[in-house]
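Data from input_22.csv: CSV, C-alpha atoms
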chain,number,residue,atom,x,y,z
A,18,MET,CA,160.3,34.1,213.1
A,19,THR,CA,159.2,30.8,211.6
A,20,THR,CA,161.8,28.6,210.0
A,21,PHE,CA,160.7,26.3,207.2
A,22,GLU,CA,162.3,22.9,207.4
A,23,PRO,CA,160.7,19.5,207.0
A,24,GLY,CA,158.8,18.6,210.1
A,25,THR,CA,158.4,22.2,211.2
A,26,GLU,CA,154.9,22.9,212.5
A,27,LEU,CA,153.7,26.3,211.5
A,28,PRO,CA,151.7,28.4,214.0
A,29,PRO,CA,148.2,27.0,214.4
A,30,LEU,CA,145.2,29.2,213.6
A,31,GLU,CA,142.3,29.1,216.0
A,32,VAL,CA,139.0,30.6,215.1
A,33,THR,CA,135.4,30.2,216.4
A,34,PRO,CA,132.8,31.0,213.8
A,35,ASP,CA,130.2,33.3,215.3
A,36,ARG,CA,126.5,32.6,214.6
A,37,TYR,CA,126.2,35.2,211.8
A,38,VAL,CA,129.5,34.4,210.0
A,39,THR,CA,127.6,32.4,207.3
A,40,VAL,CA,125.4,35.3,206.6
A,41,ARG,CA,128.4,37.7,206.2
A,42,TYR,CA,130.2,35.1,204.0
A,43,ALA,CA,127.1,34.5,201.9
A,44,GLY,CA,126.9,38.2,201.1
A,45,ALA,CA,130.7,38.5,200.6
A,46,SER,CA,131.0,35.4,198.4
A,47,GLY,CA,127.6,35.3,196.6
A,48,ASP,CA,126.9,31.8,197.8
A,49,PHE,CA,123.4,32.0,199.3
A,50,ASN,CA,122.7,28.3,199.5
A,51,PRO,CA,120.0,28.2,202.2
A,52,ILE,CA,121.7,25.4,204.1
A,53,HIS,CA,124.2,28.1,205.3
A,54,ILE,CA,121.8,30.8,206.2
A,55,ASP,CA,118.3,29.4,206.9
A,56,GLU,CA,118.0,27.3,210.1
A,57,GLU,CA,114.6,25.8,209.2
A,58,PHE,CA,115.7,24.9,205.7
A,59,ALA,CA,118.9,23.2,206.9
A,60,GLN,CA,116.9,21.1,209.4
A,61,GLN,CA,114.3,20.2,206.8
A,62,VAL,CA,117.1,18.7,204.6
A,63,GLY,CA,118.4,16.6,207.5
A,64,LEU,CA,121.2,18.8,208.7
A,65,PRO,CA,121.6,19.6,212.5
A,66,GLY,CA,121.2,23.3,211.6
A,67,ARG,CA,123.0,25.9,209.4
A,68,ILE,CA,126.5,24.7,208.4
A,69,LEU,CA,129.6,26.6,207.4
A,70,HIS,CA,130.5,27.2,203.7
A,71,GLY,CA,133.3,24.8,202.9
A,72,LEU,CA,135.1,27.6,201.1
A,73,TRP,CA,134.9,29.8,204.2
A,74,THR,CA,136.7,27.1,206.1
A,75,MET,CA,139.2,26.8,203.2
A,76,ALA,CA,139.7,30.6,203.6
A,77,GLN,CA,140.8,29.9,207.2
A,78,VAL,CA,143.3,27.3,206.0
A,79,ALA,CA,144.6,29.9,203.5
A,80,ARG,CA,144.8,32.5,206.2
A,81,ALA,CA,146.8,30.2,208.4
A,82,GLN,CA,149.3,29.8,205.5
A,83,THR,CA,149.6,33.5,204.6
A,84,GLU,CA,149.9,34.6,208.3
A,85,ALA,CA,152.7,32.0,208.8
A,86,ALA,CA,154.6,32.6,205.6
A,87,GLY,CA,154.4,36.4,205.5
A,88,GLY,CA,151.5,37.7,203.4
A,89,PRO,CA,149.2,36.9,200.4
A,90,HIS,CA,152.1,36.7,197.9
A,91,THR,CA,153.5,33.7,199.7
A,92,LEU,CA,150.6,31.4,198.9
A,93,ARG,CA,151.1,29.9,195.5
A,94,ARG,CA,148.8,26.9,195.6
A,95,LEU,CA,146.3,25.3,198.0
A,96,SER,CA,144.4,22.1,197.5
A,97,VAL,CA,141.9,20.7,200.0
A,98,GLN,CA,139.2,18.1,200.4
A,99,PHE,CA,136.0,18.8,202.3
A,100,ARG,CA,134.6,16.2,204.7
A,101,GLY,CA,131.7,16.2,207.1
A,102,MET,CA,130.4,19.6,208.0
A,103,GLY,CA,131.5,22.7,209.8
A,104,VAL,CA,129.2,24.1,212.4
A,105,LEU,CA,128.7,27.5,214.0
A,106,GLU,CA,130.0,28.6,217.4
A,107,GLU,CA,132.5,25.7,217.8
A,108,PRO,CA,136.2,26.3,217.7
A,109,ILE,CA,138.2,25.3,214.6
A,110,THR,CA,141.9,24.7,214.6
A,111,VAL,CA,144.1,24.8,211.5
A,112,THR,CA,147.3,22.9,211.8
A,113,THR,CA,150.1,22.9,209.2
A,114,LYS,CA,153.4,21.0,209.0
A,115,VAL,CA,156.2,21.4,206.5
A,116,ARG,CA,156.6,18.3,204.3
A,117,SER,CA,159.5,19.3,202.1
A,118,VAL,CA,161.4,22.3,200.8
A,119,GLU,CA,162.6,22.5,197.1
A,120,ASP,CA,164.0,25.4,195.3
A,121,GLY,CA,162.6,27.9,197.8
A,122,VAL,CA,159.1,26.4,197.7
A,123,VAL,CA,157.8,25.1,200.9
A,124,HIS,CA,155.4,22.2,200.6
A,125,VAL,CA,153.1,21.8,203.6
A,126,ASP,CA,150.3,19.4,204.8
A,127,THR,CA,147.5,21.2,206.5
A,128,SER,CA,144.0,20.5,207.9
A,129,ALA,CA,141.2,22.1,209.8
A,130,THR,CA,139.6,20.3,212.7
A,131,GLN,CA,136.5,21.1,214.7
A,132,GLY,CA,135.4,19.0,217.7
A,133,GLY,CA,137.9,16.3,216.9
A,134,THR,CA,136.7,16.0,213.2
A,135,ALA,CA,138.7,17.0,210.2
A,136,ILE,CA,136.4,19.2,208.2
A,137,VAL,CA,139.1,20.2,205.8
A,138,ARG,CA,141.5,17.4,205.3
A,139,ARG,CA,144.3,16.4,202.9
A,140,GLY,CA,145.2,20.0,202.6
A,141,ASP,CA,148.3,20.6,200.6
A,142,ALA,CA,149.9,24.0,199.9
A,143,ASP,CA,152.9,25.5,198.2
A,144,LEU,CA,154.4,28.5,200.0
A,145,GLN,CA,157.1,30.9,199.0
A,146,PRO,CA,158.0,32.7,202.2
B,8,MET,CA,120.4,7.3,187.4
B,9,ALA,CA,123.6,7.5,185.4
B,10,VAL,CA,125.5,10.7,184.9
B,11,ASN,CA,125.6,12.3,181.6
B,12,ALA,CA,129.3,12.7,180.6
B,13,GLU,CA,128.6,14.3,177.2
B,14,ALA,CA,129.5,17.8,178.5
B,15,VAL,CA,133.2,16.8,179.2
B,16,GLY,CA,135.4,19.3,177.3
B,17,LYS,CA,132.7,21.9,177.1
B,18,THR,CA,133.9,25.5,177.7
B,19,TYR,CA,131.7,28.3,178.7
B,20,PRO,CA,131.9,31.9,177.6
B,21,PRO,CA,134.3,34.0,179.7
B,22,THR,CA,132.8,36.2,182.5
B,23,LEU,CA,134.3,39.5,183.4
B,24,TYR,CA,134.6,40.7,187.0
B,25,THR,CA,135.8,44.2,188.1
B,26,VAL,CA,137.4,44.0,191.5
B,27,GLY,CA,136.1,46.7,193.8
B,28,ARG,CA,137.9,48.1,196.8
B,29,GLU,CA,135.0,47.9,199.2
B,30,LYS,CA,134.1,44.3,198.0
B,31,VAL,CA,137.7,43.2,198.8
B,32,LYS,CA,137.3,44.7,202.3
B,33,GLU,CA,133.9,43.1,202.8
B,34,PHE,CA,135.3,39.7,201.8
B,35,ALA,CA,138.4,40.1,204.0
B,36,PHE,CA,136.1,41.0,206.9
B,37,ALA,CA,133.9,38.0,206.3
B,38,VAL,CA,136.8,35.5,206.4
B,39,GLY,CA,138.5,37.2,209.4
B,40,GLU,CA,141.5,38.7,207.6
B,41,THR,CA,143.3,41.5,209.4
B,42,ASP,CA,146.3,42.2,207.2
B,43,PRO,CA,146.2,45.9,206.3
B,44,LEU,CA,147.1,45.0,202.7
B,45,TYR,CA,143.5,43.9,202.3
B,46,LEU,CA,141.8,46.6,204.3
B,47,ASP,CA,143.8,49.9,203.9
B,48,GLN,CA,144.6,51.3,200.5
B,49,GLU,CA,147.4,53.5,201.9
B,50,ALA,CA,149.1,50.5,203.5
B,51,ALA,CA,148.7,48.6,200.2
B,52,ARG,CA,150.2,51.4,198.3
B,53,ALA,CA,153.1,51.8,200.7
B,54,ALA,CA,153.8,48.1,200.1
B,55,GLY,CA,154.0,48.7,196.3
B,56,TYR,CA,150.5,47.6,195.3
B,57,ALA,CA,148.2,49.9,193.2
B,58,ASP,CA,145.3,49.4,195.7
B,59,VAL,CA,144.0,47.0,198.3
B,60,VAL,CA,145.1,43.4,197.7
B,61,ALA,CA,142.4,40.7,197.3
B,62,PRO,CA,143.0,37.8,199.7
B,63,PRO,CA,143.9,34.7,197.7
B,64,MET,CA,140.5,33.1,198.4
B,65,PHE,CA,138.8,36.1,196.8
B,66,ALA,CA,139.1,33.9,193.7
B,67,VAL,CA,135.8,32.5,194.8
B,68,VAL,CA,134.2,35.9,194.1
B,69,TYR,CA,135.7,36.6,190.7
B,70,CYS,CA,135.1,33.0,189.6
B,71,GLY,CA,131.5,32.9,190.9
B,72,ALA,CA,129.6,33.8,187.8
B,73,ALA,CA,131.8,31.6,185.6
B,74,ILE,CA,131.5,28.5,187.8
B,75,GLY,CA,127.8,29.1,188.1
B,76,GLN,CA,127.4,28.5,184.4
B,77,ALA,CA,128.8,25.0,184.8
B,78,LEU,CA,126.9,24.2,187.9
B,79,PHE,CA,123.6,25.4,186.5
B,80,ASP,CA,124.1,24.0,183.0
B,81,PRO,CA,121.2,21.6,182.2
B,82,ASP,CA,123.6,19.5,180.1
B,83,ASN,CA,125.4,18.6,183.4
B,84,GLY,CA,122.1,17.8,185.1
B,85,ILE,CA,123.4,18.5,188.6
B,86,ASN,CA,120.8,17.8,191.3
B,87,PHE,CA,121.4,20.6,193.8
B,88,ALA,CA,119.6,18.8,196.7
B,89,ARG,CA,122.4,16.2,196.5
B,90,LEU,CA,125.3,18.4,195.7
B,91,VAL,CA,128.4,18.4,197.9
B,92,HIS,CA,131.6,20.4,197.4
B,93,GLY,CA,134.1,17.6,197.5
B,94,GLY,CA,137.4,19.4,197.0
B,95,GLN,CA,139.0,22.5,195.8
B,96,GLU,CA,142.4,23.6,194.4
B,97,PHE,CA,143.6,27.0,193.5
B,98,LYS,CA,147.0,27.9,192.0
B,99,TRP,CA,147.7,31.6,192.1
B,100,GLY,CA,149.7,33.9,189.9
B,101,PRO,CA,150.2,37.7,190.4
B,102,LEU,CA,148.1,39.1,193.2
B,103,VAL,CA,144.8,40.7,192.3
B,104,VAL,CA,144.2,44.2,193.5
B,105,ALA,CA,141.2,46.5,193.5
B,106,GLY,CA,140.6,48.0,190.0
B,107,ASP,CA,141.7,44.8,188.2
B,108,GLU,CA,139.4,43.3,185.6
B,109,ILE,CA,139.4,39.5,185.8
B,110,ALA,CA,138.2,37.4,182.9
B,111,THR,CA,137.4,33.8,183.9
B,112,THR,CA,136.8,30.8,181.6
B,113,VAL,CA,135.4,27.6,183.0
B,114,SER,CA,135.5,24.2,181.3
B,115,VAL,CA,134.2,20.7,182.2
B,116,LYS,CA,137.3,18.5,183.0
B,117,SER,CA,135.6,15.3,183.9
B,118,ILE,CA,132.3,13.7,184.8
B,119,GLU,CA,132.3,10.2,186.3
B,120,GLU,CA,130.1,7.9,188.2
B,121,ARG,CA,131.7,5.9,191.0
B,122,ALA,CA,129.9,3.8,193.6
B,123,GLY,CA,126.6,5.4,192.7
B,124,ASN,CA,127.8,9.0,193.1
B,125,GLY,CA,128.4,11.5,190.4
B,126,PHE,CA,131.8,13.3,190.3
B,127,TYR,CA,132.0,16.6,188.4
B,128,VAL,CA,135.3,18.4,188.0
B,129,PHE,CA,135.4,21.9,186.6
B,130,GLU,CA,138.4,24.1,185.8
B,131,SER,CA,138.5,27.9,186.0
B,132,ILE,CA,141.2,30.0,184.4
B,133,SER,CA,141.3,33.6,185.5
B,134,THR,CA,143.4,36.3,183.7
B,135,ASN,CA,143.8,40.0,184.5
B,136,GLN,CA,143.7,43.0,182.2
B,137,ASP,CA,147.4,42.5,181.4
B,138,GLY,CA,146.9,38.9,180.2
B,139,HIS,CA,148.5,37.3,183.3
B,140,THR,CA,146.9,34.2,184.7
B,141,VAL,CA,146.0,35.2,188.3
B,142,CYS,CA,144.3,31.9,189.3
B,143,VAL,CA,143.6,28.4,188.1
B,144,GLY,CA,140.9,26.6,190.0
B,145,THR,CA,139.9,23.0,190.1
B,146,TRP,CA,136.4,22.6,191.5
B,147,SER,CA,135.4,19.0,192.5
B,148,ASN,CA,131.7,18.4,193.2
B,149,VAL,CA,130.0,15.2,194.2
B,150,VAL,CA,126.3,14.5,193.6
B,151,ARG,CA,125.4,11.8,196.0
B,152,GLY,CA,123.2,9.0,194.6
B,153,ALA,CA,123.5,10.6,191.1
Would you encode the structure as structure tokens?
Amino acid sequence: MTTFEPGTELPPLEVTPDRYVTVRYAGASGDFNPIHIDEEFAQQVGLPGRILHGLWTMAQVARAQTEAAGGPHTLRRLSVQFRGMGVLEEPITVTTKVRSVEDGVVHVDTSATQGGTAIVRRGDADLQP
Amino acid sequence: MAVNAEAVGKTYPPTLYTVGREKVKEFAFAVGETDPLYLDQEAARAAGYADVVAPPMFAVVYCGAAIGQALFDPDNGINFARLVHGGQEFKWGPLVVAGDEIATTVSVKSIEERAGNGFYVFESISTNQDGHTVCVGTWSNVVRGA
């Protein structure tokens, strides 16, 4: 059972995007930008290859919150900034720390890192466990 | 090239999205969710919901067509080859479940140029069939070298 006090670190979420996750997410979300699903296109526009959808990575940050706090109803707000790019087949870790608790609302700081780079940073969420 | 800020304040017509049970499951699968609330209508009903619950980030799906209007609006003149999703915020209200009808209205909050880049902020407001606000989204996009 997680307690929510300032300084508490919530359980980290570890996920390794498999090489077809961007194809599934494109279909599920409706975002078919070829930089996510077409290796040749991605390289032509100067990327190392297909990259993750930022919103897929944000969904991992959201999942870390709802799994830690006890379900989808607990996540009241989530704000993130996207930096750099997420790549396939490299592990991602979402870490979250409680910043403050006011009137039953837990304010947390959260980020997602991959290979030492924060690909979602300045994440800021309000939870009601 | 300077950004065109004339569209600030512009509001687009609402779009309507009907949440389907299998679409919720497909989305949950794509983002790695395993909570039975998203995947099993019996589990969702046992927990007091009318049908499977949409994961919070399903907002991306029901907002998609509405936000597309702003992204593709020639008045905003966004160059897609230079477009980067800079940031995102969602504030959620009551949970969305399969069968809900979600109306989403998008407006242009700000358009600015800083250090040669264009910053476009759009806001989405999504309401369900009962008139409750289920999600307010702030979508921050950067057009590099705008």
When you get a sec, could you note down which chain B residues fall within 9 Å of chain A, using all atoms listed in the file, as a VMD selection string?
chain B and resid 30 to 31 33 to 40 42 44 60 to 65 67 to 68 71 88 91 to 102 145 147
Output C-alpha atoms for every residue in the selection just made, as a short mmCIF file (atom, residue, chain, number, x, y, z; two decimals), keeping the file's coordinate frame.
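Written output follows (part33.cif):
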data_model
loop_
_atom_site.label_atom_id
_atom_site.label_comp_id
_atom_site.auth_asym_id
_atom_site.auth_seq_id
_atom_site.Cartn_x
_atom_site.Cartn_y
_atom_site.Cartn_z
CA LYS B 30 134.10 44.30 198.00
CA VAL B 31 137.70 43.20 198.80
CA GLU B 33 133.90 43.10 202.80
CA PHE B 34 135.30 39.70 201.80
CA ALA B 35 138.40 40.10 204.00
CA PHE B 36 136.10 41.00 206.90
CA ALA B 37 133.90 38.00 206.30
CA VAL B 38 136.80 35.50 206.40
CA GLY B 39 138.50 37.20 209.40
CA GLU B 40 141.50 38.70 207.60
CA ASP B 42 146.30 42.20 207.20
CA LEU B 44 147.10 45.00 202.70
CA VAL B 60 145.10 43.40 197.70
CA ALA B 61 142.40 40.70 197.30
CA PRO B 62 143.00 37.80 199.70
CA PRO B 63 143.90 34.70 197.70
CA MET B 64 140.50 33.10 198.40
CA PHE B 65 138.80 36.10 196.80
CA VAL B 67 135.80 32.50 194.80
CA VAL B 68 134.20 35.90 194.10
CA GLY B 71 131.50 32.90 190.90
CA ALA B 88 119.60 18.80 196.70
CA VAL B 91 128.40 18.40 197.90
CA HIS B 92 131.60 20.40 197.40
CA GLY B 93 134.10 17.60 197.50
CA GLY B 94 137.40 19.40 197.00
CA GLN B 95 139.00 22.50 195.80
CA GLU B 96 142.40 23.60 194.40
CA PHE B 97 143.60 27.00 193.50
CA LYS B 98 147.00 27.90 192.00
CA TRP B 99 147.70 31.60 192.10
CA GLY B 100 149.70 33.90 189.90
CA PRO B 101 150.20 37.70 190.40
CA LEU B 102 148.10 39.10 193.20
CA THR B 145 139.90 23.00 190.10
CA SER B 147 135.40 19.00 192.50
#
Any idea what's packed within 10 Å of B:Lys17, counting all atoms listed in the file, ignoring anything in its chain fewer than 6 positions away? Could you give it as a PyMOL selection string?
chain B and resi 77+82+113-117+129
One decimal, Å: what's the distance from atom CA of A:Thr19 over to atom CA of A:Gln82, could you say?
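The value is 11.7 Å.
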I need the residue nearest A:Asp35 from this list: A:His124, A:Gln131, A:Lys114, A:Pro108. Use all atoms listed in the file for the distance.
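Checking each of A:His124, A:Gln131, A:Lys114, A:Pro108 against A:Asp35, counting all atoms listed in the file, the winner is A:Pro108.
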What's the separation between atom CA of A:Arg116 and atom CA of A:Leu30, in Å to one decimal place?
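Atom CA of A:Leu30 lies 18.3 Å from atom CA of A:Arg116.
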Tell me which protein, DNA and RNA residues are within 7 Å of A:Met102, counting all atoms listed in the file, leaving out same-chain ones fewer than 2 positions away, and put them as a ChimeraX atom specification.
/A:68,100,104,136
For atom CA of B:Leu23 and atom CA of B:Val59, the interatomic separation in Å (one decimal)
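Here the two named atoms are 19.3 Å from each other.
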So which one's closest to B:Val26, B:Pro81, B:Gly55, B:Pro43, B:Gly106? Using all atoms listed in the file, please.
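The shortest atom-to-atom distance to B:Val26 comes from B:Gly106.
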Is there a way to get, as a list in words, all residues within 10 Å of the point (142.7, 45.6, 186.9) in file coordinates, counting all atoms listed in the file?
Tyr24, Thr25, Val26, Gly27, Ala57, Asp58, Val103, Val104, Ala105, Gly106, Asp107, Glu108, Ile109, Thr134, Asn135, Gln136 and Asp137 of chain B
Dig up all the protein and nucleic acid residues within 10 Å of (134.1, 21.4, 218.0) in the file frame, using all atoms listed in the file, and format them as a list in words.
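The residues that fall inside the cut-off are Thr33, Gly103, Val104, Leu105, Glu106, Glu107, Pro108, Ile109, Thr110, Thr130, Gln131, Gly132, Gly133 and Thr134 of chain A.
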Determine the nearest neighbour of B:Lys32 from the options B:Leu78, B:Gln48, B:Pro20, B:Tyr56, counting only C-alpha atoms.
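Of B:Leu78, B:Gln48, B:Pro20, B:Tyr56, the one nearest B:Lys32 is B:Gln48, counting only C-alpha atoms.
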